[in-house]
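Here's the structure, in structure tokens; my notes come after.
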Amino acid sequence: MSSSTGSMEDMPKTSARLLALLSLLQARRDWPGAVLAERLEVSQRTVRRDVDRLRELGYPIAAAKGPDGGYRLEPGAELPPLLFDDEQAVALAIALQIATTSGAGIDEAAVRALNTVRQVMPARLRTRIDALQVTAVPSSIPQVDSNVLLALGAAVRAREILRFDYASGEPRRVEPHHLVTWARRWYLVAWDLERDDWRTFRADRITPRIPTGPRFTPREVPGGDVAAFVINRFKGADGTGTWPCRGEVILDLPAAAVSRFTRDGVVEELGPNRCRLVLGSWSWPGLAATITRFDADIEVIGPPELKEAFARLARRCTKAATSAAL
């Protein structure tokens with residue numbers, strides 16, 4: 001009787017340990033047995049028994065023998081029940097709630113997935129999730145068909161030449177290298193075979209053609225960092241990582257009011273309602289127009305190109321205002 005009672009008392013502890021072990025196995029490809037034992041604070045013998053229990057539940061766990069042996073969770077023919085720890089479940093629910101802002105065109109699927117996950121959550125987690133209701137505000141940014149993203153991702157992974165029709169109406173043939181998301185848009189970074197240069201293409205403007213072309217040997221993105229490459233391209237930079245046009249002005253606004261809308265600009269407080277703004281752009285007219293959106297008096301510190309851009313913008317605005325009056 002006492003032995004049976006002891007076994008029943010150990011069941012919650014064993015279940016929690018199995019969940020922790022499964023979470024670790026899902027986190028990375030290979031785990032040495034000694035490291036698993038240390039993380040779980042048990043013996044390696046206990047780890048071996050727990051691995052056997054997970055196998056009985058349908059999880060395909062491979063074991064490597066020898067001094068460097070360990071365990072690996074492999075893909076199975078059938079999907080066994082998924083187990084998440086509390087933090088993983090909460091993270092998954094939050095990610096599904098904000099999926100509408102990803103631009104990936106998976107809004108309805110995300111809602112269905114969230115309902116499915118919520119139904120199988122224990123009561124304590126459902127309470128936490130229900131307390132965190134996120135309202136994702138739709139934007140005017142075009143959504144990308146999820147099938148297009150899958151096709152682009154498959155071509156990148158397979159390193160196969162991709163043919164597609166672009167929104168400009170021109171067919172393109174490229175070596176796809178990276179599928180990236182930036183400023184809530186999806187882009188394909190690729191080597192354009194016709195132009196013999198690197199290009200970034202908006203995924204929502206791509207219509208892939210099938211089949212894909214032959215395999216290619218990947219080139220290295222300029223600078224070796226795809227994130228820096230994409231940011232520099234949108235800045236119109238020459239590889240230095242800075243905007244080609246950069247100016248300085250003084251605005252009759254509080255620094256706190258300006259800093260919320262300047263992204264990578266530098267704002268310095270000069271007084272309660274006065275601040276210095278240093279900002280960059282891809283062109284001088286573009287920089288002048290960006291600064292003009294602040295409803296405040298502007299004093300241009302420099303350079304002269306920025307003053308001239310303001311003068312041109314003023315002439316255009318005056319002409320527009322005069323035409324509207326007529």
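Starting from 1 in every chain, residues are counted up; chains themselves are A, B, ... following the order of the structure tokens, and ligands are numbered from 1 as listed.
Every residue of stretch 193-260 of chain A found in strand (DSSP E or B) when DSSP is run on the backbone appears here: Asp197, Trp198, Arg199, Thr200, Phe201, Arg202, Ile206, Thr207, Pro208, Arg215, Cys245, Arg246, Gly247, Glu248, Val249, Ile250 and Leu251 of chain A.
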So that I have them on file, write out the residues from the current selection with N, CA and C atoms, as a compact mmCIF listing (two decimals), in the first residue's frame.
# COMPACT_ATOMS: atom_id res chain seq x y z
N ASP A 197 23.19 41.82 -61.16
CA ASP A 197 23.32 42.64 -59.96
C ASP A 197 22.33 42.14 -58.91
N TRP A 198 22.55 42.59 -57.66
CA TRP A 198 21.64 42.24 -56.57
C TRP A 198 20.39 43.11 -56.64
N ARG A 199 19.24 42.51 -56.31
CA ARG A 199 17.97 43.22 -56.31
C ARG A 199 17.13 42.77 -55.12
N THR A 200 16.22 43.64 -54.69
CA THR A 200 15.21 43.28 -53.71
C THR A 200 13.85 43.42 -54.37
N PHE A 201 12.99 42.41 -54.23
CA PHE A 201 11.68 42.39 -54.87
C PHE A 201 10.60 42.27 -53.80
N ARG A 202 9.55 43.07 -53.91
CA ARG A 202 8.42 42.95 -52.99
C ARG A 202 7.67 41.66 -53.27
N ILE A 206 5.07 39.55 -56.69
CA ILE A 206 5.67 38.42 -57.39
C ILE A 206 4.62 37.35 -57.68
N THR A 207 4.62 36.85 -58.90
CA THR A 207 3.81 35.69 -59.29
C THR A 207 4.77 34.61 -59.78
N PRO A 208 5.10 33.63 -58.94
CA PRO A 208 6.10 32.63 -59.33
C PRO A 208 5.64 31.79 -60.52
N ARG A 215 19.76 24.19 -60.21
CA ARG A 215 20.38 24.62 -58.97
C ARG A 215 21.55 25.56 -59.26
N CYS A 245 21.82 61.45 -48.05
CA CYS A 245 21.50 62.85 -47.75
C CYS A 245 21.17 62.96 -46.26
N ARG A 246 21.88 63.84 -45.59
CA ARG A 246 21.72 63.97 -44.14
C ARG A 246 21.79 65.45 -43.77
N GLY A 247 20.77 65.92 -43.02
CA GLY A 247 20.72 67.33 -42.69
C GLY A 247 20.36 67.56 -41.24
N GLU A 248 20.51 68.85 -40.83
CA GLU A 248 20.26 69.22 -39.44
C GLU A 248 19.37 70.46 -39.41
N VAL A 249 18.34 70.41 -38.55
CA VAL A 249 17.41 71.53 -38.42
C VAL A 249 17.08 71.72 -36.94
N ILE A 250 16.47 72.88 -36.64
CA ILE A 250 15.93 73.14 -35.32
C ILE A 250 14.42 73.31 -35.47
N LEU A 251 13.65 72.61 -34.65
CA LEU A 251 12.19 72.64 -34.71
C LEU A 251 11.64 73.27 -33.43
Take atom CA of A:Asn115 and atom CA of A:Leu152 and report the distance between them in Å, one decimal.
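It comes out at 28.7 Å.
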Quick one: residues within 10 Å of A:Glu194, only C-alpha atoms counted, chain neighbours fewer than 6 positions away excluded, as a list in words?
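Near A:Glu194, the qualifying residues are Arg172, Arg173 and Val174 of chain A.
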Residues at most 10 Å from A:Arg128, counting only C-alpha atoms, excluding those fewer than 4 positions away in the same chain, as a ChimeraX atom specification?
/A:86,90,123-124,132-133
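Comparing A:Glu160, A:Asp50, A:Asp204, A:Asp264 by their smallest distance to A:Ala190, the closest is A:Glu160 (using only C-alpha atoms).
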Which residues come within 12 Å of A:Arg48, counting only C-alpha atoms, excluding same-chain residues fewer than 2 positions away, as a list of chain:residue names?
A:Leu18, A:Leu21, A:Pro32, A:Gly33, A:Ala34, A:Leu36, A:Ala37, A:Val42, A:Ser43, A:Gln44, A:Arg45, A:Thr46, A:Asp50, A:Val51, A:Asp52, A:Arg53, A:Leu54, A:Arg55, A:Ile61, A:Ala62, A:Ala63, A:Ala64, A:Lys65, A:Gly69, A:Gly70, A:Tyr71
Near A:Val226, within 12 Å and counting only C-alpha atoms, which residues show up once chain neighbours fewer than 4 positions away are dropped, as a ChimeraX atom specification?
/A:177-182,187-190,198-200,219-222,230-233
Contacts of A:Arg159 at 8 Å or less, counting only C-alpha atoms, minus same-chain residues fewer than 6 places along, as an MDAnalysis selection string?
chainID A and resid 175:177 215:218
Take the residues from that selection and put them in a file with all heavy atoms, as an mmCIF file, in the first residue's frame.
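Ended up saving to result14.cif:
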data_model
loop_
_atom_site.group_PDB
_atom_site.id
_atom_site.type_symbol
_atom_site.label_atom_id
_atom_site.label_comp_id
_atom_site.auth_asym_id
_atom_site.auth_seq_id
_atom_site.Cartn_x
_atom_site.Cartn_y
_atom_site.Cartn_z
ATOM 1 N N GLU A 175 18.510 34.300 -58.983
ATOM 2 C CA GLU A 175 18.987 33.331 -57.996
ATOM 3 C C GLU A 175 18.480 33.809 -56.632
ATOM 4 O O GLU A 175 18.989 34.785 -56.086
ATOM 5 C CB GLU A 175 20.517 33.271 -57.987
ATOM 6 C CG GLU A 175 21.128 32.749 -59.283
ATOM 7 C CD GLU A 175 22.652 32.776 -59.246
ATOM 8 O OE1 GLU A 175 23.214 33.302 -58.248
ATOM 9 O OE2 GLU A 175 23.272 32.299 -60.203
ATOM 10 N N PRO A 176 17.460 33.160 -56.064
ATOM 11 C CA PRO A 176 16.894 33.620 -54.773
ATOM 12 C C PRO A 176 17.818 33.266 -53.616
ATOM 13 O O PRO A 176 18.279 32.132 -53.505
ATOM 14 C CB PRO A 176 15.577 32.849 -54.698
ATOM 15 C CG PRO A 176 15.829 31.599 -55.467
ATOM 16 C CD PRO A 176 16.770 31.973 -56.590
ATOM 17 N N HIS A 177 18.091 34.239 -52.762
ATOM 18 C CA HIS A 177 19.028 34.011 -51.663
ATOM 19 C C HIS A 177 18.387 34.124 -50.286
ATOM 20 O O HIS A 177 18.683 33.332 -49.404
ATOM 21 C CB HIS A 177 20.206 34.990 -51.763
ATOM 22 C CG HIS A 177 21.204 34.608 -52.803
ATOM 23 N ND1 HIS A 177 22.368 33.944 -52.505
ATOM 24 C CD2 HIS A 177 21.187 34.762 -54.150
ATOM 25 C CE1 HIS A 177 23.044 33.720 -53.631
ATOM 26 N NE2 HIS A 177 22.345 34.212 -54.643
ATOM 27 N N ARG A 215 19.756 24.187 -60.211
ATOM 28 C CA ARG A 215 20.379 24.621 -58.967
ATOM 29 C C ARG A 215 21.550 25.558 -59.263
ATOM 30 O O ARG A 215 22.120 25.525 -60.357
ATOM 31 C CB ARG A 215 20.865 23.408 -58.162
ATOM 32 C CG ARG A 215 19.724 22.559 -57.626
ATOM 33 C CD ARG A 215 20.271 21.315 -56.943
ATOM 34 N NE ARG A 215 21.128 21.646 -55.838
ATOM 35 C CZ ARG A 215 20.707 21.887 -54.597
ATOM 36 N NH1 ARG A 215 19.419 21.826 -54.326
ATOM 37 N NH2 ARG A 215 21.548 22.165 -53.623
ATOM 38 N N PHE A 216 21.877 26.394 -58.297
ATOM 39 C CA PHE A 216 22.975 27.338 -58.452
ATOM 40 C C PHE A 216 23.838 27.327 -57.204
ATOM 41 O O PHE A 216 23.416 26.891 -56.129
ATOM 42 C CB PHE A 216 22.455 28.756 -58.723
ATOM 43 C CG PHE A 216 21.635 29.327 -57.592
ATOM 44 C CD1 PHE A 216 22.237 30.025 -56.549
ATOM 45 C CD2 PHE A 216 20.255 29.168 -57.564
ATOM 46 C CE1 PHE A 216 21.494 30.551 -55.510
ATOM 47 C CE2 PHE A 216 19.499 29.687 -56.516
ATOM 48 C CZ PHE A 216 20.115 30.379 -55.497
ATOM 49 N N THR A 217 25.065 27.815 -57.351
ATOM 50 C CA THR A 217 25.973 27.963 -56.208
ATOM 51 C C THR A 217 25.754 29.346 -55.605
ATOM 52 O O THR A 217 25.925 30.351 -56.296
ATOM 53 C CB THR A 217 27.438 27.810 -56.638
ATOM 54 O OG1 THR A 217 27.618 26.517 -57.221
ATOM 55 C CG2 THR A 217 28.368 27.970 -55.440
ATOM 56 N N PRO A 218 25.362 29.428 -54.336
ATOM 57 C CA PRO A 218 25.024 30.730 -53.739
ATOM 58 C C PRO A 218 26.204 31.694 -53.738
ATOM 59 O O PRO A 218 27.344 31.309 -53.492
ATOM 60 C CB PRO A 218 24.613 30.374 -52.307
ATOM 61 C CG PRO A 218 24.270 28.928 -52.346
ATOM 62 C CD PRO A 218 25.156 28.329 -53.391
#
So the first atom is atom CA of A:Gly302 and the second is atom CA of A:Phe261; what is the distance between them in Å, to one decimal place?
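Between atom CA of A:Gly302 and atom CA of A:Phe261 the gap works out to 20.7 Å.
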Could you please write out, as a ChimeraX atom specification, every residue of stretch 49-263 of chain A that DSSP assigns to helix (DSSP H, G or I)?
/A:49-56,86-97,99-101,107-119,123-131,146-158,203-205,226-235,255-259
Between atom CA of A:Thr212 and atom CA of A:Glu170, what is the distance, to one decimal in Å?
17.2 Å
Let me make sure I understand: among A:Leu24, A:Leu279, A:Thr242, A:Glu308, which one has the smallest atom-to-atom distance to A:Val267 if we use only C-alpha atoms?
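The shortest atom-to-atom distance to A:Val267 comes from A:Leu279.
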For A:Asp85, which residue out of A:Thr290, A:Ser23, A:Asn273, A:Ser323 is the nearest one, using only C-alpha atoms?
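With only C-alpha atoms as the atom set, the closest residue is A:Ser23.
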